[in-house]
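In what follows, a structure is listed as structure tokens, so that the remarks can point back to it.
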Amino acid sequence: MLPRFLTSSYPMESHYFVVPKFALSLIGFYPEQKRTLLVKLWSFFNFFILTYGCYAEAYYGIHYIPINIATALDALCPVASSILSLVKMVSIWWYQDELKSLIQRVRFLTEQQRSKRKLSYKKRFFTLATRLTFLLLCCGFCTSTSYSVRHLMDNILRRAHGKDWIYETPFKMIFPDPLLRLPLYPITYILVHWHGYITVVCFVGADGFFLGFCLYFTVLLLCLRDDVGDLLEVKNIEESPSEEQEAVIVREMEKLVDRHNEVAELTERLSGVMVEITLAHFVTSSLIIGTSVVDILLFSGLGIIVYVVYTCAVGVEIFLYCLGGSHIMEACSDLARSTFSSHWYGHSVRVQKMTLLMVVRAQRVLTIKIPFFSPSLETLTSILRFTGSLIALAKSVI
């Protein structure tokens with residue numbers, strides 16, 4: 001039985017960025033959140049916890065490289081996610097006004113699509129965005145929690161065998177000695193555990209924005225496709241529309257062209273906001289997958305489970321980026337095909353020119369432009385092939 005907000009019966013307006021809003025509001029970074037003094041202090045506290053966690057993990061990992069490579073990788077693998085999460089947090093804060101503007105404008109445009117057919121598009125893609133983003137939240141939550149569970153289980157087993165409790169944190173970090181001794185140790189442990197959840201919600205917020213915007217743009221393009229087809233439909237191809245009818249069609253066609261141009265402009269604005277986040281995500285994900293595979297080969301027991309869950313979570317993130325990019329590309333191609341297949345040739349020359357210009361514009365597929373590549377399922381296929389080669393290489397070496 002799914003929670004109500006994951007079902008299609010949940011109100012469409014409430015589906016809009018529901019999971020990213022929940023995640024980023026927890027740490028005080030949602031763009032539409034009212035920036036009270038308390039929220040600012042809370043967001044700064046979370047920023048400090050995440051920043052110090054990145055430093056402490058990196059220092060620990062680098063320190064242990066010449067001592068124990070397995071222990072070093074156990075710290076360096078999650079620090080890659082922590083640093084990426086810090087990049088996403090800073091980017092969301094830096095572009096908060098632009099993100100707020102995009103959220104409000106796309107909300108306004110989607111709310112205007114009210115026909116029965118358009119509502120079915122909204123129900124399908126709004127629900128899909130919520131479910132996939134919630135899946136990402138669950139994967140991140142399980143990954144972060146697994147580190148704490150592993151540490152607790154290891155110490156419980158040590159105590160069962162008469163050994164002393166190891167005063168370490170769930171994520172390998174360097175701390176001053178007093179923070180790793182009673183009575184301060186429980187506070188340090190809780191803060192490090194919260195550091196893991198801050199990392200998760202930053203991922204959910206940024207990745208949820210990317211996927212959500214992509215699917216909402218897809219809805220707008222599908223609605224535009226239907227409006228163009230309905231406008232250019234000719235009941236009797238042998239009868240040409242009157243001049244008055246053509247004048248109405250020209251005015252409506254101009255509005256549709258403006259809508260298409262606005263979707264393209266919104267996509268460009270989203271690319272400008274997400275370029276650092278997306279590029280950093282794909283670069284660090286390659287490092288995380290590589291180190292996770294090595295950790296899986298080096299560790300045993302609970303360590304294997306932790307890094308299998310970790311690798312699956314990173315794989316889900318990459319899949320969501322590529323899925324969102326593919327949906328926009330397919331919607332653009334569908335708009336071009338559908339417009340060209342309409343009865344545009346049964347109208348005046350001006351309407352024909354406007355229609356063909358829209359076809360040409362739609363054939364220049366909208367993409368979230370990232371240096372060196374664009375997220376799509378084809379890109380995901382290439383990544384999986386490259387990852388398979390890395391795994392084979394690691395097995396041969398180890």
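By convention in this document, the chains of the structure tokens carry letters A, B, ... by their order, each chain's residues are numbered from 1, and ligands are numbered from 1 in the order they are shown.
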
Long-range neighbours of Phe45 (chain A) as JSON, numbers by chain, 10 Å cut-off, only C-alpha atoms, 6 positions minimum in chain:
{"A": [27, 28, 39, 51]}

Residues at most 7 Å from region 86-98 of chain A, counting only C-alpha atoms, excluding those fewer than 5 positions away in the same chain, as a list in words?
Phe29, Pro31, Leu50, Thr51, Cys202, Ala206, Val273 and Ile277 of chain A

Selection from above, N, CA and C atoms, as a PDB file, in the first residue's frame, can you write it?
ATOM      1  N   PHE A  29      17.061  25.182   2.971  1.00  0.00           N
ATOM      2  CA  PHE A  29      17.604  25.636   1.691  1.00  0.00           C
ATOM      3  C   PHE A  29      16.591  25.598   0.546  1.00  0.00           C
ATOM      4  N   PRO A  31      14.222  27.069  -2.099  1.00  0.00           N
ATOM      5  CA  PRO A  31      14.182  28.446  -2.619  1.00  0.00           C
ATOM      6  C   PRO A  31      12.945  29.248  -2.229  1.00  0.00           C
ATOM      7  N   LEU A  50      28.238  20.081   7.299  1.00  0.00           N
ATOM      8  CA  LEU A  50      28.619  19.412   6.057  1.00  0.00           C
ATOM      9  C   LEU A  50      30.048  19.775   5.652  1.00  0.00           C
ATOM     10  N   THR A  51      30.410  21.048   5.797  1.00  0.00           N
ATOM     11  CA  THR A  51      31.748  21.492   5.409  1.00  0.00           C
ATOM     12  C   THR A  51      32.824  20.844   6.279  1.00  0.00           C
ATOM     13  N   CYS A 202      20.594  16.995   0.314  1.00  0.00           N
ATOM     14  CA  CYS A 202      21.134  17.865  -0.744  1.00  0.00           C
ATOM     15  C   CYS A 202      21.069  17.163  -2.097  1.00  0.00           C
ATOM     16  N   ALA A 206      18.695  18.652  -5.178  1.00  0.00           N
ATOM     17  CA  ALA A 206      19.262  19.036  -6.475  1.00  0.00           C
ATOM     18  C   ALA A 206      18.835  18.079  -7.584  1.00  0.00           C
ATOM     19  N   VAL A 273      21.604  27.024 -14.425  1.00  0.00           N
ATOM     20  CA  VAL A 273      21.563  26.775 -12.978  1.00  0.00           C
ATOM     21  C   VAL A 273      22.191  25.429 -12.626  1.00  0.00           C
ATOM     22  N   ILE A 277      26.254  21.596 -10.994  1.00  0.00           N
ATOM     23  CA  ILE A 277      25.767  20.441 -10.238  1.00  0.00           C
ATOM     24  C   ILE A 277      25.865  19.171 -11.070  1.00  0.00           C
TER      25      ILE A 277
END

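If you measure from each of A:Arg225, A:His161, A:His63, A:Arg107 to Arg337 (chain A) using only C-alpha atoms, the closest one turns out to be A:Arg225.
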
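Of the residues listed (A:Glu268, A:Glu168, A:Glu330, A:Glu111), A:Glu330 shows the shortest atom-to-atom separation from Leu215 (chain A); distances use only C-alpha atoms.
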
Find the residues near Arg124 (chain A): any atom within 12 Å, counting only C-alpha atoms, skip ones fewer than 3 places away on the same chain, and give them as a PyMOL selection string.
chain A and resi 6-10+12+15+117-121+127-131+215-216+218-219+222

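Residues lying within 9 Å of Tyr310 (chain A), counting only C-alpha atoms and ignoring same-chain neighbours fewer than 6 positions away, are Pro78, Cys139, Gly140, Cys142, Thr143, Ser144, Ile288, Ile289 and Ser292 of chain A.
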
Can you list, as JSON, numbers by chain, every protein, DNA or RNA residue that comes within 9 Å of region 136-138 of chain A when you count only C-alpha atoms, leaving out same-chain residues fewer than 2 positions away?
{"A": [19, 23, 131, 132, 133, 134, 140, 141, 142, 143, 200, 201, 203, 204, 207, 208, 313, 316, 317, 320]}

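Nearest to Val234 (chain A) of all the residues A:Arg114, A:Lys353, A:Lys172, A:His347 is A:His347, based on only C-alpha atoms.
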
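In this model, the gap between CA of Thr188 (chain A) and CA of Thr169 (chain A) comes to 7.6 Å.
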
Could you give me the residues within region 126-238 of chain A that DSSP places in alpha helix (DSSP H), as an MDAnalysis selection string?
chainID A and resid 126:160 185:232

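Taking only C-alpha atoms into account, Lys21 (chain A) lies nearest to A:Gly205 out of the set A:Gly324, A:Gly205, A:Pro375, A:Gly229.
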
Need the shell around Trp42 (chain A): protein/DNA/RNA residues with any atom at most 12 Å away, counting only C-alpha atoms. Skip same-chain ones fewer than 4 positions apart. Format as a PyMOL selection string?
chain A and resi 24-29+35-38+46-49

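Across the model, the gap from CA of Leu335 (chain A) to CA of Ala362 (chain A) is 6.4 Å.
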